[in-house]
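Novice: What follows is a structure written as structure tokens; I'll ask about it next.
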Amino acid sequence: MNSLEIAKGVIQTEAQEIANISHYLTDDFGACINEISTSKGKLIVCGMGKSGLIGKKIAATLASTGTPSFFLHPGEAYHGDLGMIEKDDIVLLISNSGETDEVLKIVPFLQSQGNTIVSMTGNTQSSLALNSNYHLNTYVEKEACPLQLAPTSSTTACLVMGDVLAVCLMKEKNFQAENFALFHPGGSLGRRLLTRVENVMKSENLPVCNTNTLIKKIVHIITQGKLGLVVVIEEGEICGVITDGDIRRAMEDRESEFFQIKAYELMSRSPLLVSSQTKLAEAESMMDKAKVNSLLVVDKKELLGVVQIYDLNK
């Protein structure tokens, strides 16, 4: 069997095992979601070895999607870090076998303190599952490892169950894109959702003309403006906009009279206008819907600037 066949087999095995875990969801899952969503505490994730690595990712996903969460190593917890767990916290313990010694050692403390325990195991009759308030079954019939030794399908199942938790909690808490952006201000999504048009618009030396400006002058203004357009203004009011595309079409359709064309004959009379306080995400949506590359930024019909699609992703 060559590498390509092995790779396809691994993917198919793990895909099938992931599909299977949807059948193992019980009423515990819904009750668990309800308790986490209404909890005043944090959701602390704990696991050993590969389960711990998956747990770190689950905690990170939860924290970035509206559920305060962090990962706690069970060994460190047993040697002093249990003080990080407060009475209102819910603790998610991950162990495929449900018999991981380091994880089981902290269960008595959690029970005595009154913490809600959620377990994620592949064995519903394991010590961990039986000593939990809620159990999430991540049982897999087959690891993708040919020796059935390395955690592969089982860790993938835990990862997916963690994503299921995060997504359901997002829905429960009505977590929106704006909330996500607040937790990711350094990313491109955060920038588009938090930054306003006034922060990126071009506002100096804007290309403008009046309604009677001849096309030869308009071409010169567009070239100097470097925005691919000119804004037509008469008596302080925006009348329309002319793009370089409008000029190219006029050259083809009205060649004989091209140099006699005036701005009012060529301009689009309903340019898209936005406030300087418009968020970049909304501006991007407007451009996409109207199939345009530019918006005019105004304040009470006064031209403040121009924002273009190229400005949104810098």
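We name chains A, B, ... following the order of the structure tokens; residues begin at 1 in each chain, and ligands are numbered from 1 as shown.
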Contacts of A:Ala59 at 6 Å or less, counting only C-alpha atoms, minus same-chain residues fewer than 5 places along, as a list in words?
Specialist: Ser69, Phe70 and Phe71 of chain A
Novice: What's around A:Tyr78 at 12 Å? Count only C-alpha atoms, leave out sequence neighbours fewer than 5 positions away in its own chain, and write the answer as number ranges by chain.
Specialist: A: 46, 72-73, 83-85, 101-110
Novice: Run DSSP on the backbone of this structure and report the residues of stretch 65-258 of chain A it assigns to strand (DSSP E or B), as a PyMOL selection string.
Specialist: chain A and resi 69-71+90-94+116-121+134-137+196+202+208-209+214+229-234+237-243
Novice: Of the residues A:Ser132, A:Thr155, A:Gln308, A:Thr124, which is the one nearest to A:Leu92, using only C-alpha atoms?
Specialist: A:Ser132
Novice: Rank nothing, just name the residue among A:Glu302, A:Gly75, A:Val307, A:Ser153 nearest to A:Met286, using only C-alpha atoms.
Specialist: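 Among the listed residues, A:Val307 lies closest to A:Met286.
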Novice: Of the candidates A:Val164, A:Leu303, A:Val140, A:Met251, which shows the shortest atom-to-atom distance to A:Val208, using only C-alpha atoms?
Specialist: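 Checking each candidate against A:Val208, we get A:Leu303 as the closest.
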Novice: Just the residues within 12 Å of A:Asn115, please, counting only C-alpha atoms, with nothing from its chain fewer than 5 positions along; format it as a ChimeraX atom specification.
Specialist: /A:35-36,39-44,82,85-93,106-110,131-134
Novice: Measuring atom to atom with only C-alpha atoms, identify which of A:Glu143, A:Asp288, A:Leu165, A:Thr278 is nearest to A:Gln12.
Specialist: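 Between A:Glu143, A:Asp288, A:Leu165, A:Thr278, the residue approaching A:Gln12 most closely is A:Glu143.
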Novice: Nearest residue to A:Leu206 out of A:Leu296, A:Glu282, A:Ile247, A:Lys50, using only C-alpha atoms?
Specialist: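 Comparing A:Leu296, A:Glu282, A:Ile247, A:Lys50 against A:Leu206, the winner is A:Leu296.
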Novice: List the neighbours of A:His220 out to 12 Å using only C-alpha atoms; skip same-chain residues closer than 3 positions along the sequence, and give me the result as a list in words.
Specialist: Pro207, Val208, Cys209, Thr213, Leu214, Ile215, Lys216, Lys217, Thr223, Gln224, Gly225, Lys226, Gly228, Leu229, Val230, Asp244 and Ile247 of chain A
Novice: Can I get the selection written as a compact mmCIF listing (two decimals), in the first residue's frame, with C-alpha atoms?
Specialist:
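Full text of again-v4.txt as output:
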```
# COMPACT_ATOMS: atom_id res chain seq x y z
CA PRO A 207 -10.55 64.54 -7.35
CA VAL A 208 -13.58 66.80 -7.89
CA CYS A 209 -15.11 68.72 -10.77
CA THR A 213 -16.30 70.29 -16.68
CA LEU A 214 -15.24 68.93 -20.08
CA ILE A 215 -14.06 65.35 -20.36
CA LYS A 216 -10.48 66.29 -21.25
CA LYS A 217 -10.20 68.07 -17.89
CA THR A 223 -5.15 60.79 -13.38
CA GLN A 224 -3.93 63.19 -10.71
CA GLY A 225 -6.35 61.88 -8.08
CA LYS A 226 -5.20 58.24 -8.48
CA GLY A 228 -9.99 55.93 -10.64
CA LEU A 229 -12.86 58.40 -10.25
CA VAL A 230 -13.88 62.02 -9.97
CA ASP A 244 -12.43 55.65 -15.43
CA ILE A 247 -14.74 57.33 -19.63
```
Novice: For A:Pro151, find every residue with an atom within 10 Å (counting only C-alpha atoms), except residues of its own chain fewer than 6 positions away, and show them as a list in words.
Specialist: Lys50, Ser51, Asn96, Lys142, Glu143, Ala144 and Cys145 of chain A
Novice: Let's have the selection written as a PDB file, in the first residue's frame, with C-alpha atoms.
Specialist:
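Saved result, out.pdb, follows:
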```pdb
ATOM      1  CA  LYS A  50      -2.431  14.072  24.055  1.00  0.00           C
ATOM      2  CA  SER A  51      -5.771  14.766  25.763  1.00  0.00           C
ATOM      3  CA  ASN A  96     -10.052   8.713  26.495  1.00  0.00           C
ATOM      4  CA  LYS A 142     -10.874   2.286  15.569  1.00  0.00           C
ATOM      5  CA  GLU A 143      -7.796   4.457  15.778  1.00  0.00           C
ATOM      6  CA  ALA A 144      -6.298   5.546  12.473  1.00  0.00           C
ATOM      7  CA  CYS A 145      -2.949   4.275  13.741  1.00  0.00           C
TER       8      CYS A 145
END
```
Novice: Out of A:Val167, A:Ile221, A:Leu53, A:Ile21, which residue has the shortest atom-to-atom distance to A:Thr65 when counting only C-alpha atoms?
Specialist: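 Of all the options, A:Val167 lies closest to A:Thr65.
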Novice: So that I can check the surroundings of A:Glu284, please list as a ChimeraX atom specification every protein, DNA and RNA residue that reaches within 12 Å of it, counting only C-alpha atoms and ignoring chain neighbours fewer than 2 positions away.
Specialist: /A:189,192-193,195-197,274,278-282,286-295,307-313
Novice: Env of A:Lys171: 12 Å cut, atoms = only C-alpha atoms, seq-sep filter 3 positions within chain, self excluded. Answer as a list in words.
Specialist: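 Within the cut-off, the hits are Ile33, Asn34, Ser37, Thr65, Gly66, Thr67, Val164, Leu165, Ala166, Val167, Cys168, Asn174, Phe175, Gln176 and Ala177 of chain A.
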Novice: Take the residues just selected and output them with N, CA and C atoms as a PDB file, in the first residue's frame.
Specialist:
```
ATOM      1  N   ILE A  33     -24.661  22.160  28.335  1.00  0.00           N
ATOM      2  CA  ILE A  33     -24.644  23.459  27.649  1.00  0.00           C
ATOM      3  C   ILE A  33     -25.401  24.494  28.454  1.00  0.00           C
ATOM      4  N   ASN A  34     -26.554  24.118  28.963  1.00  0.00           N
ATOM      5  CA  ASN A  34     -27.364  25.044  29.748  1.00  0.00           C
ATOM      6  C   ASN A  34     -26.636  25.502  31.005  1.00  0.00           C
ATOM      7  N   SER A  37     -23.629  27.831  30.056  1.00  0.00           N
ATOM      8  CA  SER A  37     -24.061  29.141  29.542  1.00  0.00           C
ATOM      9  C   SER A  37     -24.594  30.050  30.644  1.00  0.00           C
ATOM     10  N   THR A  65     -14.548  32.596  21.948  1.00  0.00           N
ATOM     11  CA  THR A  65     -15.927  32.625  21.447  1.00  0.00           C
ATOM     12  C   THR A  65     -16.942  32.907  22.553  1.00  0.00           C
ATOM     13  N   GLY A  66     -16.486  33.567  23.621  1.00  0.00           N
ATOM     14  CA  GLY A  66     -17.423  34.073  24.607  1.00  0.00           C
ATOM     15  C   GLY A  66     -17.587  33.274  25.876  1.00  0.00           C
ATOM     16  N   THR A  67     -16.839  32.179  26.035  1.00  0.00           N
ATOM     17  CA  THR A  67     -16.917  31.387  27.258  1.00  0.00           C
ATOM     18  C   THR A  67     -15.580  31.468  27.979  1.00  0.00           C
ATOM     19  N   VAL A 164     -17.946  21.364  19.098  1.00  0.00           N
ATOM     20  CA  VAL A 164     -19.401  21.291  19.265  1.00  0.00           C
ATOM     21  C   VAL A 164     -19.826  22.106  20.484  1.00  0.00           C
ATOM     22  N   LEU A 165     -19.105  21.941  21.576  1.00  0.00           N
ATOM     23  CA  LEU A 165     -19.394  22.726  22.782  1.00  0.00           C
ATOM     24  C   LEU A 165     -19.309  24.223  22.499  1.00  0.00           C
ATOM     25  N   ALA A 166     -18.207  24.627  21.866  1.00  0.00           N
ATOM     26  CA  ALA A 166     -17.974  26.054  21.612  1.00  0.00           C
ATOM     27  C   ALA A 166     -19.063  26.656  20.733  1.00  0.00           C
ATOM     28  N   VAL A 167     -19.423  25.951  19.663  1.00  0.00           N
ATOM     29  CA  VAL A 167     -20.425  26.479  18.735  1.00  0.00           C
ATOM     30  C   VAL A 167     -21.799  26.559  19.391  1.00  0.00           C
ATOM     31  N   CYS A 168     -22.166  25.526  20.134  1.00  0.00           N
ATOM     32  CA  CYS A 168     -23.468  25.550  20.819  1.00  0.00           C
ATOM     33  C   CYS A 168     -23.529  26.677  21.851  1.00  0.00           C
ATOM     34  N   ASN A 174     -25.729  34.032  22.002  1.00  0.00           N
ATOM     35  CA  ASN A 174     -25.912  34.988  20.907  1.00  0.00           C
ATOM     36  C   ASN A 174     -24.620  35.741  20.620  1.00  0.00           C
ATOM     37  N   PHE A 175     -23.538  35.009  20.553  1.00  0.00           N
ATOM     38  CA  PHE A 175     -22.210  35.573  20.307  1.00  0.00           C
ATOM     39  C   PHE A 175     -22.113  35.986  18.841  1.00  0.00           C
ATOM     40  N   GLN A 176     -21.828  37.276  18.592  1.00  0.00           N
ATOM     41  CA  GLN A 176     -21.825  37.829  17.249  1.00  0.00           C
ATOM     42  C   GLN A 176     -20.411  38.111  16.751  1.00  0.00           C
ATOM     43  N   ALA A 177     -20.318  38.413  15.460  1.00  0.00           N
ATOM     44  CA  ALA A 177     -19.015  38.698  14.856  1.00  0.00           C
ATOM     45  C   ALA A 177     -18.319  39.861  15.552  1.00  0.00           C
TER      46      ALA A 177
END
```
Novice: Go through stretch 33-215 of chain A and collect every residue that DSSP, computed from the backbone, puts in alpha helix (DSSP H); the answer should be as a compact mmCIF listing (two decimals) with N, CA and C atoms, in the first residue's frame.
Specialist:
```txt
# COMPACT_ATOMS: atom_id res chain seq x y z
N ILE A 33 -24.66 22.16 28.33
CA ILE A 33 -24.64 23.46 27.65
C ILE A 33 -25.40 24.49 28.45
N ASN A 34 -26.55 24.12 28.96
CA ASN A 34 -27.36 25.04 29.75
C ASN A 34 -26.64 25.50 31.01
N GLU A 35 -25.96 24.57 31.70
CA GLU A 35 -25.27 24.94 32.93
C GLU A 35 -24.06 25.83 32.65
N ILE A 36 -23.33 25.51 31.59
CA ILE A 36 -22.15 26.33 31.26
C ILE A 36 -22.59 27.74 30.86
N SER A 37 -23.63 27.83 30.06
CA SER A 37 -24.06 29.14 29.54
C SER A 37 -24.59 30.05 30.64
N THR A 38 -25.09 29.46 31.72
CA THR A 38 -25.65 30.27 32.81
C THR A 38 -24.71 30.38 34.01
N LYS A 50 -1.78 13.62 25.29
CA LYS A 50 -2.43 14.07 24.05
C LYS A 50 -3.78 14.71 24.36
N SER A 51 -4.48 14.17 25.37
CA SER A 51 -5.77 14.77 25.76
C SER A 51 -5.56 16.18 26.27
N GLY A 52 -4.43 16.41 26.92
CA GLY A 52 -4.11 17.75 27.40
C GLY A 52 -3.87 18.71 26.26
N LEU A 53 -3.18 18.24 25.23
CA LEU A 53 -2.94 19.10 24.06
C LEU A 53 -4.26 19.48 23.39
N ILE A 54 -5.15 18.51 23.27
CA ILE A 54 -6.48 18.80 22.72
C ILE A 54 -7.23 19.76 23.64
N GLY A 55 -7.07 19.55 24.95
CA GLY A 55 -7.73 20.40 25.93
C GLY A 55 -7.30 21.85 25.81
N LYS A 56 -6.01 22.08 25.52
CA LYS A 56 -5.52 23.45 25.36
C LYS A 56 -6.21 24.13 24.19
N LYS A 57 -6.39 23.38 23.12
CA LYS A 57 -7.06 23.97 21.96
C LYS A 57 -8.52 24.25 22.27
N ILE A 58 -9.18 23.33 22.96
CA ILE A 58 -10.59 23.52 23.31
C ILE A 58 -10.75 24.77 24.19
N ALA A 59 -9.88 24.91 25.19
CA ALA A 59 -9.95 26.07 26.07
C ALA A 59 -9.74 27.37 25.29
N ALA A 60 -8.80 27.34 24.36
CA ALA A 60 -8.52 28.54 23.56
C ALA A 60 -9.72 28.90 22.69
N THR A 61 -10.36 27.90 22.10
CA THR A 61 -11.54 28.15 21.26
C THR A 61 -12.69 28.71 22.09
N LEU A 62 -12.90 28.12 23.26
CA LEU A 62 -13.97 28.61 24.14
C LEU A 62 -13.72 30.05 24.56
N ALA A 63 -12.49 30.34 24.95
CA ALA A 63 -12.16 31.69 25.42
C ALA A 63 -12.36 32.74 24.34
N SER A 64 -12.12 32.36 23.10
CA SER A 64 -12.24 33.34 22.01
C SER A 64 -13.65 33.44 21.46
N PRO A 74 -3.28 18.71 34.91
CA PRO A 74 -3.70 17.97 36.10
C PRO A 74 -2.56 17.72 37.09
N GLY A 75 -1.35 17.51 36.58
CA GLY A 75 -0.21 17.31 37.48
C GLY A 75 0.09 18.55 38.28
N GLU A 76 0.08 19.70 37.62
CA GLU A 76 0.30 20.96 38.31
C GLU A 76 -0.85 21.26 39.28
N ALA A 77 -2.06 20.90 38.88
CA ALA A 77 -3.21 21.12 39.74
C ALA A 77 -3.05 20.34 41.05
N TYR A 78 -2.63 19.09 40.94
CA TYR A 78 -2.50 18.23 42.11
C TYR A 78 -1.36 18.68 43.03
N ASP A 101 -4.80 8.44 35.80
CA ASP A 101 -4.56 8.63 37.23
C ASP A 101 -4.46 10.10 37.62
N GLU A 102 -3.70 10.89 36.86
CA GLU A 102 -3.49 12.30 37.20
C GLU A 102 -4.80 13.08 37.17
N VAL A 103 -5.70 12.69 36.28
CA VAL A 103 -7.00 13.36 36.19
C VAL A 103 -7.91 12.93 37.33
N LEU A 104 -7.94 11.63 37.61
CA LEU A 104 -8.81 11.12 38.67
C LEU A 104 -8.43 11.66 40.05
N VAL A 107 -10.43 14.72 41.17
CA VAL A 107 -11.88 14.61 41.26
C VAL A 107 -12.39 14.81 42.69
N PRO A 108 -11.77 14.16 43.71
CA PRO A 108 -12.27 14.35 45.09
C PRO A 108 -12.29 15.81 45.51
N PHE A 109 -11.27 16.57 45.12
CA PHE A 109 -11.25 18.00 45.48
C PHE A 109 -12.42 18.72 44.83
N LEU A 110 -12.65 18.44 43.57
CA LEU A 110 -13.73 19.11 42.85
C LEU A 110 -15.09 18.77 43.46
N GLN A 111 -15.25 17.53 43.81
CA GLN A 111 -16.51 17.11 44.42
C GLN A 111 -16.72 17.76 45.78
N SER A 112 -15.65 17.83 46.57
CA SER A 112 -15.78 18.43 47.91
C SER A 112 -16.03 19.93 47.83
N GLN A 113 -15.52 20.58 46.80
CA GLN A 113 -15.71 22.02 46.65
C GLN A 113 -17.05 22.34 45.99
N SER A 127 -14.26 5.18 35.53
CA SER A 127 -14.30 5.86 36.83
C SER A 127 -14.62 7.34 36.67
N LEU A 128 -14.02 7.96 35.64
CA LEU A 128 -14.24 9.40 35.44
C LEU A 128 -15.68 9.68 35.02
N ALA A 129 -16.20 8.88 34.08
CA ALA A 129 -17.57 9.10 33.61
C ALA A 129 -18.58 8.93 34.74
N LEU A 130 -18.35 7.94 35.58
CA LEU A 130 -19.29 7.65 36.67
C LEU A 130 -19.22 8.66 37.80
N SER A 153 -7.80 8.81 15.93
CA SER A 153 -9.25 9.02 15.85
C SER A 153 -9.82 9.53 17.17
N SER A 154 -9.28 9.01 18.28
CA SER A 154 -9.82 9.39 19.59
C SER A 154 -9.54 10.85 19.91
N THR A 155 -8.35 11.35 19.59
CA THR A 155 -8.07 12.76 19.85
C THR A 155 -8.85 13.66 18.90
N THR A 156 -9.05 13.20 17.67
CA THR A 156 -9.85 13.97 16.73
C THR A 156 -11.30 14.07 17.22
N ALA A 157 -11.82 12.98 17.76
CA ALA A 157 -13.18 12.98 18.28
C ALA A 157 -13.32 13.97 19.43
N CYS A 158 -12.32 14.02 20.31
CA CYS A 158 -12.35 14.99 21.42
C CYS A 158 -12.29 16.42 20.90
N LEU A 159 -11.45 16.64 19.91
CA LEU A 159 -11.33 17.97 19.33
C LEU A 159 -12.66 18.43 18.74
N VAL A 160 -13.31 17.54 18.02
CA VAL A 160 -14.60 17.87 17.42
C VAL A 160 -15.65 18.12 18.50
N MET A 161 -15.65 17.30 19.55
CA MET A 161 -16.62 17.51 20.62
C MET A 161 -16.39 18.87 21.29
N GLY A 162 -15.13 19.27 21.40
CA GLY A 162 -14.83 20.60 21.93
C GLY A 162 -15.38 21.70 21.04
N ASP A 163 -15.26 21.52 19.73
CA ASP A 163 -15.82 22.49 18.79
C ASP A 163 -17.34 22.53 18.90
N VAL A 164 -17.95 21.36 19.10
CA VAL A 164 -19.40 21.29 19.27
C VAL A 164 -19.83 22.11 20.48
N LEU A 165 -19.11 21.94 21.58
CA LEU A 165 -19.39 22.73 22.78
C LEU A 165 -19.31 24.22 22.50
N ALA A 166 -18.21 24.63 21.87
CA ALA A 166 -17.97 26.05 21.61
C ALA A 166 -19.06 26.66 20.73
N VAL A 167 -19.42 25.95 19.66
CA VAL A 167 -20.42 26.48 18.74
C VAL A 167 -21.80 26.56 19.39
N CYS A 168 -22.17 25.53 20.13
CA CYS A 168 -23.47 25.55 20.82
C CYS A 168 -23.53 26.68 21.85
N LEU A 169 -22.43 26.90 22.54
CA LEU A 169 -22.39 27.98 23.53
C LEU A 169 -22.45 29.35 22.86
N MET A 170 -21.83 29.46 21.69
CA MET A 170 -21.91 30.71 20.94
C MET A 170 -23.37 31.02 20.60
N LYS A 171 -24.09 30.01 20.14
CA LYS A 171 -25.51 30.19 19.80
C LYS A 171 -26.32 30.54 21.04
N GLU A 172 -26.02 29.83 22.13
CA GLU A 172 -26.76 30.04 23.37
C GLU A 172 -26.59 31.46 23.89
N ALA A 177 -20.32 38.41 15.46
CA ALA A 177 -19.02 38.70 14.86
C ALA A 177 -18.32 39.86 15.55
N GLU A 178 -19.10 40.86 16.00
CA GLU A 178 -18.51 42.00 16.69
C GLU A 178 -17.86 41.58 18.00
N ASN A 179 -18.49 40.61 18.69
CA ASN A 179 -17.91 40.09 19.93
C ASN A 179 -16.60 39.37 19.64
N PHE A 180 -16.60 38.59 18.57
CA PHE A 180 -15.39 37.87 18.18
C PHE A 180 -14.26 38.85 17.88
N ALA A 181 -14.62 39.93 17.21
CA ALA A 181 -13.60 40.93 16.86
C ALA A 181 -12.98 41.57 18.09
N LEU A 182 -13.78 41.76 19.13
CA LEU A 182 -13.26 42.36 20.36
C LEU A 182 -12.15 41.51 20.97
N PHE A 183 -12.26 40.19 20.78
CA PHE A 183 -11.25 39.28 21.31
C PHE A 183 -10.10 39.07 20.34
N SER A 188 -7.31 40.52 10.88
CA SER A 188 -7.99 41.25 9.80
C SER A 188 -9.49 41.35 10.06
N LEU A 189 -10.07 40.29 10.66
CA LEU A 189 -11.50 40.36 10.97
C LEU A 189 -11.77 41.44 12.00
N GLY A 190 -10.94 41.48 13.05
CA GLY A 190 -11.11 42.49 14.07
C GLY A 190 -10.99 43.89 13.49
N ARG A 191 -10.05 44.04 12.58
CA ARG A 191 -9.87 45.36 11.96
C ARG A 191 -11.13 45.78 11.20
N ARG A 192 -11.69 44.88 10.40
CA ARG A 192 -12.86 45.24 9.59
C ARG A 192 -14.09 45.51 10.44
N LEU A 193 -14.19 44.80 11.57
CA LEU A 193 -15.38 44.94 12.40
C LEU A 193 -15.29 46.08 13.41
N LEU A 194 -14.07 46.50 13.74
CA LEU A 194 -13.91 47.54 14.75
C LEU A 194 -13.48 48.88 14.17
N ILE A 215 -14.64 66.66 -20.62
CA ILE A 215 -14.06 65.35 -20.36
C ILE A 215 -12.53 65.36 -20.40
```
